[in-house]
$ cat final-v4.cif   # mmCIF, N, CA and C atoms and all ligand atoms
data_coords
#
loop_
_atom_site.label_atom_id
_atom_site.label_comp_id
_atom_site.auth_asym_id
_atom_site.auth_seq_id
_atom_site.Cartn_x
_atom_site.Cartn_y
_atom_site.Cartn_z
N MET Y 1 -5.81 -15.37 3.52
CA MET Y 1 -5.92 -13.92 3.69
C MET Y 1 -5.64 -13.23 2.34
N LYS Y 2 -6.42 -12.20 2.07
CA LYS Y 2 -6.14 -11.40 0.89
C LYS Y 2 -5.63 -10.04 1.35
N ILE Y 3 -4.51 -9.66 0.80
CA ILE Y 3 -3.83 -8.44 1.24
C ILE Y 3 -3.77 -7.45 0.09
N TYR Y 4 -4.15 -6.21 0.38
CA TYR Y 4 -4.06 -5.15 -0.63
C TYR Y 4 -2.87 -4.27 -0.26
N PHE Y 5 -1.84 -4.26 -1.10
CA PHE Y 5 -0.69 -3.39 -0.85
C PHE Y 5 -0.80 -2.17 -1.75
N ALA Y 6 -0.60 -0.99 -1.18
CA ALA Y 6 -0.66 0.26 -1.94
C ALA Y 6 0.69 0.96 -1.89
N GLY Y 7 1.15 1.41 -3.06
CA GLY Y 7 2.39 2.17 -3.16
C GLY Y 7 2.32 3.03 -4.41
N SER Y 8 3.11 4.05 -4.43
CA SER Y 8 3.04 5.03 -5.52
C SER Y 8 3.34 4.43 -6.90
N ILE Y 9 2.56 4.83 -7.88
CA ILE Y 9 2.88 4.52 -9.28
C ILE Y 9 3.10 5.84 -10.02
N ARG Y 10 2.05 6.56 -10.31
CA ARG Y 10 2.25 7.84 -11.02
C ARG Y 10 2.80 8.92 -10.10
N GLY Y 11 2.73 8.70 -8.81
CA GLY Y 11 3.36 9.65 -7.88
C GLY Y 11 4.88 9.59 -7.93
N GLY Y 12 5.42 8.54 -8.58
CA GLY Y 12 6.88 8.38 -8.70
C GLY Y 12 7.28 6.98 -8.25
N ARG Y 13 8.28 6.41 -8.95
CA ARG Y 13 8.63 5.00 -8.73
C ARG Y 13 9.94 4.82 -7.97
N GLU Y 14 10.40 5.84 -7.29
CA GLU Y 14 11.70 5.76 -6.59
C GLU Y 14 11.74 4.62 -5.58
N ASP Y 15 10.60 4.27 -4.99
CA ASP Y 15 10.59 3.23 -3.95
C ASP Y 15 10.09 1.88 -4.45
N ALA Y 16 10.09 1.68 -5.77
CA ALA Y 16 9.54 0.43 -6.32
C ALA Y 16 10.23 -0.81 -5.74
N ALA Y 17 11.55 -0.76 -5.56
CA ALA Y 17 12.27 -1.93 -5.03
C ALA Y 17 11.85 -2.21 -3.58
N LEU Y 18 11.63 -1.15 -2.83
CA LEU Y 18 11.16 -1.32 -1.45
C LEU Y 18 9.77 -1.95 -1.44
N TYR Y 19 8.88 -1.49 -2.34
CA TYR Y 19 7.53 -2.08 -2.41
C TYR Y 19 7.64 -3.58 -2.67
N LYS Y 20 8.55 -3.93 -3.58
CA LYS Y 20 8.73 -5.37 -3.91
C LYS Y 20 9.15 -6.14 -2.65
N SER Y 21 10.07 -5.59 -1.88
CA SER Y 21 10.52 -6.29 -0.66
C SER Y 21 9.38 -6.43 0.34
N ILE Y 22 8.56 -5.40 0.47
CA ILE Y 22 7.43 -5.48 1.42
C ILE Y 22 6.41 -6.51 0.92
N ILE Y 23 6.14 -6.49 -0.38
CA ILE Y 23 5.18 -7.46 -0.95
C ILE Y 23 5.69 -8.88 -0.73
N ASP Y 24 6.99 -9.10 -0.97
CA ASP Y 24 7.57 -10.44 -0.76
C ASP Y 24 7.40 -10.86 0.70
N TYR Y 25 7.63 -9.92 1.60
CA TYR Y 25 7.48 -10.25 3.02
C TYR Y 25 6.01 -10.57 3.36
N LEU Y 26 5.09 -9.73 2.84
CA LEU Y 26 3.67 -9.92 3.14
C LEU Y 26 3.13 -11.23 2.58
N SER Y 27 3.76 -11.73 1.52
CA SER Y 27 3.25 -12.92 0.83
C SER Y 27 3.18 -14.14 1.75
N GLN Y 28 3.99 -14.16 2.81
CA GLN Y 28 3.93 -15.31 3.72
C GLN Y 28 2.63 -15.33 4.53
N PHE Y 29 1.95 -14.19 4.59
CA PHE Y 29 0.70 -14.12 5.36
C PHE Y 29 -0.54 -14.36 4.49
N GLY Y 30 -0.37 -14.32 3.19
CA GLY Y 30 -1.52 -14.52 2.32
C GLY Y 30 -1.22 -14.08 0.90
N GLU Y 31 -2.28 -13.88 0.14
CA GLU Y 31 -2.13 -13.50 -1.27
C GLU Y 31 -2.13 -11.97 -1.39
N VAL Y 32 -1.05 -11.44 -1.93
CA VAL Y 32 -1.00 -9.99 -2.17
C VAL Y 32 -1.64 -9.74 -3.53
N LEU Y 33 -2.81 -9.09 -3.52
CA LEU Y 33 -3.59 -8.92 -4.74
C LEU Y 33 -2.92 -7.96 -5.72
N THR Y 34 -2.13 -7.04 -5.18
CA THR Y 34 -1.59 -5.94 -5.99
C THR Y 34 -0.09 -6.08 -6.20
N GLU Y 35 0.35 -7.27 -6.55
CA GLU Y 35 1.79 -7.53 -6.71
C GLU Y 35 2.47 -6.61 -7.70
N HIS Y 36 1.73 -6.17 -8.72
CA HIS Y 36 2.32 -5.32 -9.77
C HIS Y 36 2.89 -4.02 -9.23
N VAL Y 37 2.42 -3.58 -8.04
CA VAL Y 37 2.92 -2.30 -7.49
C VAL Y 37 4.43 -2.38 -7.26
N GLY Y 38 4.94 -3.60 -7.02
CA GLY Y 38 6.38 -3.77 -6.81
C GLY Y 38 7.15 -4.13 -8.07
N ASP Y 39 6.47 -4.11 -9.21
CA ASP Y 39 7.12 -4.50 -10.47
C ASP Y 39 8.00 -3.35 -10.98
N ALA Y 40 9.31 -3.60 -11.02
CA ALA Y 40 10.26 -2.53 -11.40
C ALA Y 40 10.03 -2.06 -12.84
N SER Y 41 9.42 -2.92 -13.66
CA SER Y 41 9.23 -2.51 -15.06
C SER Y 41 7.98 -1.64 -15.24
N LEU Y 42 7.19 -1.50 -14.18
CA LEU Y 42 5.99 -0.65 -14.27
C LEU Y 42 6.43 0.80 -14.07
N SER Y 43 6.36 1.58 -15.13
CA SER Y 43 6.85 2.96 -15.01
C SER Y 43 5.69 3.88 -14.68
N ALA Y 44 6.02 5.08 -14.26
CA ALA Y 44 4.99 6.03 -13.84
C ALA Y 44 4.18 6.54 -15.02
N ILE Y 45 4.79 6.54 -16.21
CA ILE Y 45 4.10 7.19 -17.33
C ILE Y 45 3.83 6.26 -18.51
N GLY Y 46 4.22 4.99 -18.37
CA GLY Y 46 4.00 4.06 -19.48
C GLY Y 46 2.54 4.04 -19.88
N ASP Y 47 2.27 3.86 -21.14
CA ASP Y 47 0.87 3.87 -21.58
C ASP Y 47 0.52 2.59 -22.34
N ASP Y 48 1.31 1.54 -22.08
CA ASP Y 48 1.04 0.29 -22.80
C ASP Y 48 0.25 -0.70 -21.95
N GLY Y 49 -0.17 -0.27 -20.76
CA GLY Y 49 -0.91 -1.16 -19.87
C GLY Y 49 -2.41 -1.01 -20.08
N PRO Y 50 -3.19 -1.59 -19.16
CA PRO Y 50 -4.64 -1.47 -19.26
C PRO Y 50 -5.09 -0.02 -19.08
N ASN Y 51 -6.30 0.29 -19.55
CA ASN Y 51 -6.72 1.69 -19.43
C ASN Y 51 -7.14 2.03 -18.00
N ASP Y 52 -7.24 3.31 -17.74
CA ASP Y 52 -7.44 3.78 -16.36
C ASP Y 52 -8.75 3.28 -15.78
N ARG Y 53 -9.79 3.20 -16.58
CA ARG Y 53 -11.07 2.73 -16.07
C ARG Y 53 -10.97 1.27 -15.61
N PHE Y 54 -10.25 0.48 -16.41
CA PHE Y 54 -10.04 -0.92 -16.04
C PHE Y 54 -9.28 -1.01 -14.73
N ILE Y 55 -8.20 -0.22 -14.61
CA ILE Y 55 -7.36 -0.24 -13.40
C ILE Y 55 -8.20 0.15 -12.18
N TYR Y 56 -8.96 1.21 -12.33
CA TYR Y 56 -9.78 1.69 -11.19
C TYR Y 56 -10.78 0.62 -10.76
N ASP Y 57 -11.52 0.07 -11.73
CA ASP Y 57 -12.55 -0.92 -11.39
C ASP Y 57 -11.93 -2.15 -10.73
N ARG Y 58 -10.81 -2.62 -11.30
CA ARG Y 58 -10.17 -3.82 -10.76
C ARG Y 58 -9.63 -3.55 -9.35
N ASP Y 59 -8.95 -2.43 -9.17
CA ASP Y 59 -8.35 -2.14 -7.86
C ASP Y 59 -9.43 -1.93 -6.80
N MET Y 60 -10.52 -1.27 -7.16
CA MET Y 60 -11.59 -1.07 -6.17
C MET Y 60 -12.27 -2.40 -5.82
N ARG Y 61 -12.35 -3.29 -6.79
CA ARG Y 61 -12.91 -4.63 -6.49
C ARG Y 61 -11.97 -5.38 -5.55
N TRP Y 62 -10.67 -5.34 -5.83
CA TRP Y 62 -9.70 -6.00 -4.95
C TRP Y 62 -9.74 -5.39 -3.55
N LEU Y 63 -9.85 -4.08 -3.50
CA LEU Y 63 -9.87 -3.43 -2.17
C LEU Y 63 -11.08 -3.91 -1.37
N SER Y 64 -12.22 -4.01 -2.04
CA SER Y 64 -13.42 -4.44 -1.30
C SER Y 64 -13.33 -5.91 -0.89
N GLU Y 65 -12.52 -6.70 -1.62
CA GLU Y 65 -12.40 -8.14 -1.31
C GLU Y 65 -11.35 -8.43 -0.24
N CYS Y 66 -10.43 -7.49 0.01
CA CYS Y 66 -9.26 -7.84 0.82
C CYS Y 66 -9.59 -7.91 2.31
N ASP Y 67 -8.72 -8.59 3.06
CA ASP Y 67 -8.87 -8.69 4.51
C ASP Y 67 -8.22 -7.51 5.22
N PHE Y 68 -7.12 -7.01 4.65
CA PHE Y 68 -6.50 -5.81 5.22
C PHE Y 68 -5.63 -5.11 4.18
N VAL Y 69 -5.28 -3.89 4.52
CA VAL Y 69 -4.53 -3.03 3.59
C VAL Y 69 -3.22 -2.60 4.24
N VAL Y 70 -2.14 -2.69 3.47
CA VAL Y 70 -0.86 -2.13 3.90
C VAL Y 70 -0.43 -1.14 2.83
N ALA Y 71 -0.09 0.08 3.24
CA ALA Y 71 0.40 1.08 2.29
C ALA Y 71 1.78 1.54 2.70
N GLU Y 72 2.60 1.87 1.69
CA GLU Y 72 3.88 2.54 1.94
C GLU Y 72 3.71 3.91 1.32
N ALA Y 73 3.74 4.95 2.15
CA ALA Y 73 3.29 6.27 1.70
C ALA Y 73 4.41 7.31 1.68
N SER Y 74 5.66 6.89 1.69
CA SER Y 74 6.75 7.87 1.71
C SER Y 74 6.78 8.73 0.45
N THR Y 75 6.49 8.11 -0.69
CA THR Y 75 6.37 8.88 -1.94
C THR Y 75 4.91 9.31 -2.08
N PRO Y 76 4.67 10.63 -2.03
CA PRO Y 76 3.27 11.08 -2.07
C PRO Y 76 2.58 10.63 -3.36
N SER Y 77 1.38 10.09 -3.22
CA SER Y 77 0.64 9.54 -4.35
C SER Y 77 -0.85 9.78 -4.14
N LEU Y 78 -1.49 10.42 -5.12
CA LEU Y 78 -2.95 10.63 -5.02
C LEU Y 78 -3.67 9.30 -4.92
N GLY Y 79 -3.19 8.31 -5.72
CA GLY Y 79 -3.84 7.00 -5.72
C GLY Y 79 -3.76 6.33 -4.36
N VAL Y 80 -2.59 6.37 -3.73
CA VAL Y 80 -2.43 5.74 -2.41
C VAL Y 80 -3.32 6.46 -1.40
N GLY Y 81 -3.36 7.78 -1.44
CA GLY Y 81 -4.22 8.53 -0.52
C GLY Y 81 -5.69 8.15 -0.72
N TYR Y 82 -6.08 8.02 -1.99
CA TYR Y 82 -7.47 7.64 -2.29
C TYR Y 82 -7.77 6.24 -1.75
N GLU Y 83 -6.82 5.32 -1.98
CA GLU Y 83 -7.02 3.94 -1.50
C GLU Y 83 -7.11 3.90 0.02
N LEU Y 84 -6.30 4.69 0.69
CA LEU Y 84 -6.37 4.73 2.16
C LEU Y 84 -7.74 5.24 2.61
N GLY Y 85 -8.24 6.27 1.94
CA GLY Y 85 -9.56 6.80 2.28
C GLY Y 85 -10.65 5.76 2.07
N GLN Y 86 -10.57 5.06 0.95
CA GLN Y 86 -11.55 4.01 0.65
C GLN Y 86 -11.46 2.88 1.68
N SER Y 87 -10.23 2.55 2.04
CA SER Y 87 -10.02 1.45 2.98
C SER Y 87 -10.67 1.78 4.33
N VAL Y 88 -10.46 2.99 4.79
CA VAL Y 88 -11.05 3.42 6.06
C VAL Y 88 -12.58 3.45 5.93
N ALA Y 89 -13.08 3.97 4.81
CA ALA Y 89 -14.53 4.04 4.62
C ALA Y 89 -15.17 2.65 4.64
N GLN Y 90 -14.40 1.66 4.16
CA GLN Y 90 -14.92 0.28 4.15
C GLN Y 90 -14.56 -0.49 5.42
N LYS Y 91 -14.03 0.26 6.38
CA LYS Y 91 -13.70 -0.32 7.70
C LYS Y 91 -12.72 -1.50 7.61
N LYS Y 92 -11.78 -1.39 6.68
CA LYS Y 92 -10.73 -2.40 6.58
C LYS Y 92 -9.63 -2.07 7.58
N LEU Y 93 -9.00 -3.10 8.11
CA LEU Y 93 -7.81 -2.87 8.93
C LEU Y 93 -6.73 -2.30 8.01
N THR Y 94 -6.15 -1.20 8.41
CA THR Y 94 -5.27 -0.47 7.50
C THR Y 94 -3.99 -0.04 8.20
N LEU Y 95 -2.87 -0.39 7.59
CA LEU Y 95 -1.56 0.01 8.10
C LEU Y 95 -0.88 0.89 7.06
N CYS Y 96 -0.41 2.04 7.48
CA CYS Y 96 0.29 2.94 6.57
C CYS Y 96 1.71 3.19 7.09
N LEU Y 97 2.69 2.72 6.31
CA LEU Y 97 4.10 2.86 6.68
C LEU Y 97 4.71 4.08 5.99
N TYR Y 98 5.63 4.74 6.67
CA TYR Y 98 6.38 5.81 6.01
C TYR Y 98 7.75 5.95 6.68
N ARG Y 99 8.72 6.36 5.86
CA ARG Y 99 10.10 6.52 6.34
C ARG Y 99 10.24 7.69 7.28
N SER Y 100 11.14 7.56 8.23
CA SER Y 100 11.42 8.72 9.08
C SER Y 100 12.31 9.69 8.29
N GLY Y 101 12.23 10.94 8.65
CA GLY Y 101 13.09 11.97 8.07
C GLY Y 101 12.69 12.42 6.68
N LEU Y 102 11.42 12.24 6.31
CA LEU Y 102 10.98 12.70 4.99
C LEU Y 102 11.09 14.23 4.90
N GLN Y 103 11.42 14.72 3.72
CA GLN Y 103 11.52 16.18 3.56
C GLN Y 103 10.18 16.85 3.85
N TRP Y 104 9.10 16.23 3.34
CA TRP Y 104 7.75 16.73 3.61
C TRP Y 104 7.01 15.67 4.40
N PRO Y 105 6.61 15.97 5.62
CA PRO Y 105 5.88 14.98 6.42
C PRO Y 105 4.61 14.54 5.67
N ILE Y 106 4.19 13.31 5.88
CA ILE Y 106 3.00 12.86 5.16
C ILE Y 106 1.76 13.57 5.72
N SER Y 107 0.72 13.57 4.92
CA SER Y 107 -0.45 14.40 5.19
C SER Y 107 -1.08 14.12 6.56
N ALA Y 108 -1.53 15.19 7.21
CA ALA Y 108 -2.26 15.06 8.47
C ALA Y 108 -3.57 14.30 8.28
N MET Y 109 -4.06 14.25 7.04
CA MET Y 109 -5.28 13.48 6.76
C MET Y 109 -5.03 11.98 6.90
N ILE Y 110 -3.76 11.61 6.89
CA ILE Y 110 -3.39 10.21 7.11
C ILE Y 110 -2.95 10.02 8.56
N THR Y 111 -1.95 10.78 8.98
CA THR Y 111 -1.43 10.57 10.34
C THR Y 111 -2.44 10.97 11.41
N GLY Y 112 -3.39 11.86 11.04
CA GLY Y 112 -4.37 12.32 12.03
C GLY Y 112 -5.62 11.45 12.10
N ASN Y 113 -5.67 10.42 11.26
CA ASN Y 113 -6.89 9.60 11.19
C ASN Y 113 -6.79 8.43 12.18
N PRO Y 114 -7.60 8.45 13.24
CA PRO Y 114 -7.49 7.37 14.23
C PRO Y 114 -7.99 6.02 13.72
N ALA Y 115 -8.64 6.01 12.56
CA ALA Y 115 -9.19 4.75 12.04
C ALA Y 115 -8.13 3.93 11.30
N LEU Y 116 -6.96 4.50 11.10
CA LEU Y 116 -5.90 3.69 10.50
C LEU Y 116 -4.64 3.77 11.35
N LYS Y 117 -3.80 2.74 11.21
CA LYS Y 117 -2.57 2.70 11.99
C LYS Y 117 -1.45 3.24 11.11
N THR Y 118 -0.81 4.31 11.56
CA THR Y 118 0.34 4.82 10.83
C THR Y 118 1.59 4.48 11.62
N ALA Y 119 2.68 4.20 10.92
CA ALA Y 119 3.92 3.81 11.60
C ALA Y 119 5.13 4.30 10.82
N GLU Y 120 6.00 4.97 11.53
CA GLU Y 120 7.24 5.48 10.94
C GLU Y 120 8.33 4.42 11.12
N TYR Y 121 9.16 4.25 10.10
CA TYR Y 121 10.24 3.26 10.21
C TYR Y 121 11.56 3.85 9.75
N SER Y 122 12.65 3.23 10.20
CA SER Y 122 13.99 3.65 9.77
C SER Y 122 14.70 2.57 8.98
N SER Y 123 14.25 1.32 9.14
CA SER Y 123 14.95 0.21 8.49
C SER Y 123 13.93 -0.85 8.09
N PHE Y 124 14.39 -1.78 7.28
CA PHE Y 124 13.47 -2.85 6.88
C PHE Y 124 13.12 -3.73 8.08
N ASP Y 125 14.05 -3.86 9.03
CA ASP Y 125 13.75 -4.60 10.26
C ASP Y 125 12.58 -3.96 11.00
N ASP Y 126 12.54 -2.63 11.01
CA ASP Y 126 11.40 -1.93 11.63
C ASP Y 126 10.10 -2.33 10.93
N ILE Y 127 10.15 -2.35 9.60
CA ILE Y 127 8.93 -2.69 8.84
C ILE Y 127 8.44 -4.08 9.24
N ILE Y 128 9.37 -5.03 9.33
CA ILE Y 128 9.00 -6.40 9.71
C ILE Y 128 8.34 -6.41 11.09
N ARG Y 129 8.95 -5.71 12.02
CA ARG Y 129 8.39 -5.66 13.39
C ARG Y 129 6.99 -5.02 13.38
N ILE Y 130 6.85 -3.91 12.66
CA ILE Y 130 5.56 -3.20 12.62
C ILE Y 130 4.48 -4.08 11.99
N VAL Y 131 4.84 -4.73 10.88
CA VAL Y 131 3.86 -5.60 10.21
C VAL Y 131 3.46 -6.75 11.13
N ARG Y 132 4.44 -7.33 11.83
CA ARG Y 132 4.12 -8.44 12.75
C ARG Y 132 3.17 -7.97 13.85
N GLU Y 133 3.44 -6.81 14.42
CA GLU Y 133 2.56 -6.29 15.47
C GLU Y 133 1.15 -6.05 14.93
N PHE Y 134 1.10 -5.51 13.71
CA PHE Y 134 -0.19 -5.26 13.07
C PHE Y 134 -0.94 -6.58 12.84
N MET Y 135 -0.21 -7.60 12.37
CA MET Y 135 -0.83 -8.90 12.12
C MET Y 135 -1.37 -9.51 13.42
N ASP Y 136 -0.65 -9.28 14.52
CA ASP Y 136 -1.10 -9.83 15.80
C ASP Y 136 -2.45 -9.26 16.23
N GLU Y 137 -2.77 -8.06 15.73
CA GLU Y 137 -4.04 -7.43 16.11
C GLU Y 137 -5.21 -7.93 15.27
N ILE Y 138 -4.89 -8.66 14.19
CA ILE Y 138 -5.98 -9.12 13.31
C ILE Y 138 -6.70 -10.29 13.97
N PRO Y 139 -8.02 -10.17 14.09
CA PRO Y 139 -8.75 -11.22 14.82
C PRO Y 139 -8.68 -12.58 14.09
O1 LIG Y 201 -1.60 7.91 -8.10
P1 LIG Y 201 -0.73 6.67 -8.21
O2 LIG Y 201 -0.60 6.16 -9.62
O3 LIG Y 201 0.65 6.85 -7.57
O4 LIG Y 201 -1.52 5.54 -7.39
C1 LIG Y 201 -0.92 4.34 -7.03
C2 LIG Y 201 -1.94 3.40 -6.43
O5 LIG Y 201 -3.07 3.30 -7.29
C3 LIG Y 201 -1.38 1.99 -6.23
O6 LIG Y 201 -1.43 1.63 -4.86
C4 LIG Y 201 -2.26 1.09 -7.08
O7 LIG Y 201 -3.02 0.19 -6.28
C5 LIG Y 201 -3.18 2.00 -7.83
N1 LIG Y 201 -2.79 2.08 -9.24
C6 LIG Y 201 -2.47 3.20 -9.92
N2 LIG Y 201 -2.08 2.89 -11.19
C7 LIG Y 201 -2.18 1.56 -11.29
C8 LIG Y 201 -1.88 0.62 -12.32
N3 LIG Y 201 -1.37 0.93 -13.49
N4 LIG Y 201 -2.08 -0.68 -12.11
C9 LIG Y 201 -2.55 -1.08 -10.94
N5 LIG Y 201 -2.81 -0.26 -9.90
C10 LIG Y 201 -2.64 1.04 -10.08
C11 LIG Y 201 -0.89 2.12 -13.92
C12 LIG Y 201 -0.09 1.78 -15.11
C13 LIG Y 201 0.25 2.98 -15.91
C14 LIG Y 201 1.17 3.93 -15.17
C15 LIG Y 201 0.79 2.50 -17.20
#
$ encode --input "final-v4.cif" --output "structure tokens" --more "lines below"
Ligand code: 6IA
Amino acid sequence: MKIYFAGSIRGGREDAALYKSIIDYLSQFGEVLTEHVGDASLSAIGDDGPNDRFIYDRDMRWLSECDFVVAEASTPSLGVGYELGQSVAQKKLTLCLYRSGLQWPISAMITGNPALKTAEYSSFDDIIRIVREFMDEIP
């Protein structure tokens, strides 16, 4: 299985450690193509990485190749929102996780979309349970 994990980069890196934990958990189900999203050394504004065109082309190729998408959307990110839209347009199975009690609820364009599964969590145990239930639905 190829898994595309989406989490905020330029939207802010406050949840980078959480992304890493989710990626580590997902790795037992297959190859997480986007492991760098959980890399604590990847900063929101660093400019020593590949250029934006390269990142876009590579990520869109990975998205089209993947079997399913998992996003953590508690930190608002244009890139994550874009990836979710692309994922739905390509009819990929898509799970979007977000923390309960966020100051600003996540966009209705995400929670209101019946083509993706959104799930609120309070603990990492919740995330594990939600991911397992999601995996059970994969044919
Ligand atoms: O708008 P954002 O940057 O928060 O978008 C984050 C999402 O876009 C992630 O789920 C990634 O899949 C993708 N993405 C954005 N930037 C990158 C990136 N390098 N490398 C890989 N995927 C990315 C940015 C590095 C730069 C800050 C030096």
$ select_by_dssp --input "final-v4.cif" --residues "chain Y" --states "helix (DSSP H, G or I)" --output "ChimeraX atom specification"
/Y:16-29,35-38,52-65,78-89,108-111,124-136
$ closest_residue --input "final-v4.cif" --among "Y:Glu14, Y:Asp52, Y:Asp24, Y:Glu137" --to "ligand LIG 201 (chain Y)" --atoms "only C-alpha atoms and all ligand atoms"
Y:Asp52
$ residues_near_ligand --input "final-v4.cif" --ligand "ligand LIG 201 (chain Y)" --cutoff "7 Å" --atoms "all atoms listed in the file" --output "number ranges by chain"
Y: 5-12, 34, 36-37, 42-50, 55-56, 59, 76-81, 83
$ select_by_dssp --input "final-v4.cif" --residues "chain Y" --states "strand (DSSP E)" --output "tab-separated table (two decimals) with N, CA and C atoms, in the frame of the given file"
chain	number	residue	atom	x	y	z
Y	2	LYS	N	-6.42	-12.20	2.07
Y	2	LYS	CA	-6.14	-11.40	0.89
Y	2	LYS	C	-5.63	-10.04	1.35
Y	3	ILE	N	-4.51	-9.66	0.80
Y	3	ILE	CA	-3.83	-8.44	1.24
Y	3	ILE	C	-3.77	-7.45	0.09
Y	4	TYR	N	-4.15	-6.21	0.38
Y	4	TYR	CA	-4.06	-5.15	-0.63
Y	4	TYR	C	-2.87	-4.27	-0.26
Y	5	PHE	N	-1.84	-4.26	-1.10
Y	5	PHE	CA	-0.69	-3.39	-0.85
Y	5	PHE	C	-0.80	-2.17	-1.75
Y	6	ALA	N	-0.60	-0.99	-1.18
Y	6	ALA	CA	-0.66	0.26	-1.94
Y	6	ALA	C	0.69	0.96	-1.89
Y	31	GLU	N	-2.28	-13.88	0.14
Y	31	GLU	CA	-2.13	-13.50	-1.27
Y	31	GLU	C	-2.13	-11.97	-1.39
Y	32	VAL	N	-1.05	-11.44	-1.93
Y	32	VAL	CA	-1.00	-9.99	-2.17
Y	32	VAL	C	-1.64	-9.74	-3.53
Y	68	PHE	N	-7.12	-7.01	4.65
Y	68	PHE	CA	-6.50	-5.81	5.22
Y	68	PHE	C	-5.63	-5.11	4.18
Y	69	VAL	N	-5.28	-3.89	4.52
Y	69	VAL	CA	-4.53	-3.03	3.59
Y	69	VAL	C	-3.22	-2.60	4.24
Y	70	VAL	N	-2.14	-2.69	3.47
Y	70	VAL	CA	-0.86	-2.13	3.90
Y	70	VAL	C	-0.43	-1.14	2.83
Y	71	ALA	N	-0.09	0.08	3.24
Y	71	ALA	CA	0.40	1.08	2.29
Y	71	ALA	C	1.78	1.54	2.70
Y	72	GLU	N	2.60	1.87	1.69
Y	72	GLU	CA	3.88	2.54	1.94
Y	72	GLU	C	3.71	3.91	1.32
Y	93	LEU	N	-9.00	-3.10	8.11
Y	93	LEU	CA	-7.81	-2.87	8.93
Y	93	LEU	C	-6.73	-2.30	8.01
Y	94	THR	N	-6.15	-1.20	8.41
Y	94	THR	CA	-5.27	-0.47	7.50
Y	94	THR	C	-3.99	-0.04	8.20
Y	95	LEU	N	-2.87	-0.39	7.59
Y	95	LEU	CA	-1.56	0.01	8.10
Y	95	LEU	C	-0.88	0.89	7.06
Y	96	CYS	N	-0.41	2.04	7.48
Y	96	CYS	CA	0.29	2.94	6.57
Y	96	CYS	C	1.71	3.19	7.09
Y	97	LEU	N	2.69	2.72	6.31
Y	97	LEU	CA	4.10	2.86	6.68
Y	97	LEU	C	4.71	4.08	5.99
Y	98	TYR	N	5.63	4.74	6.67
Y	98	TYR	CA	6.38	5.81	6.01
Y	98	TYR	C	7.75	5.95	6.68
Y	99	ARG	N	8.72	6.36	5.86
Y	99	ARG	CA	10.10	6.52	6.34
Y	99	ARG	C	10.24	7.69	7.28
Y	117	LYS	N	-3.80	2.74	11.21
Y	117	LYS	CA	-2.57	2.70	11.99
Y	117	LYS	C	-1.45	3.24	11.11
Y	118	THR	N	-0.81	4.31	11.56
Y	118	THR	CA	0.34	4.82	10.83
Y	118	THR	C	1.59	4.48	11.62
Y	119	ALA	N	2.68	4.20	10.92
Y	119	ALA	CA	3.92	3.81	11.60
Y	119	ALA	C	5.13	4.30	10.82
Y	120	GLU	N	6.00	4.97	11.53
Y	120	GLU	CA	7.24	5.48	10.94
Y	120	GLU	C	8.33	4.42	11.12
Y	121	TYR	N	9.16	4.25	10.10
Y	121	TYR	CA	10.24	3.26	10.21
Y	121	TYR	C	11.56	3.85	9.75
$ residues_around --input "final-v4.cif" --residues "Val69 (chain Y)" --least-positions-apart "4" --cutoff "6 Å" --atoms "all atoms listed in the file" --output "list in words"
Ile3, Tyr4, Phe5, Lys92, Leu93, Thr94 and Leu95 of chain Y
$ closest_residue --input "final-v4.cif" --among "Y:Gly30, Y:Cys66, Y:Arg132, Y:Arg99" --to "Glu120 (chain Y)" --atoms "only N, CA and C atoms"
Y:Arg99
$ atom_distance --input "final-v4.cif" --atom1 "atom N of Ser87 (chain Y)" --atom2 "atom N of Thr118 (chain Y)"
13.5 Å
$ atom_distance --input "final-v4.cif" --atom1 "atom C of Asp15 (chain Y)" --atom2 "atom N of Thr75 (chain Y)"
8.1 Å
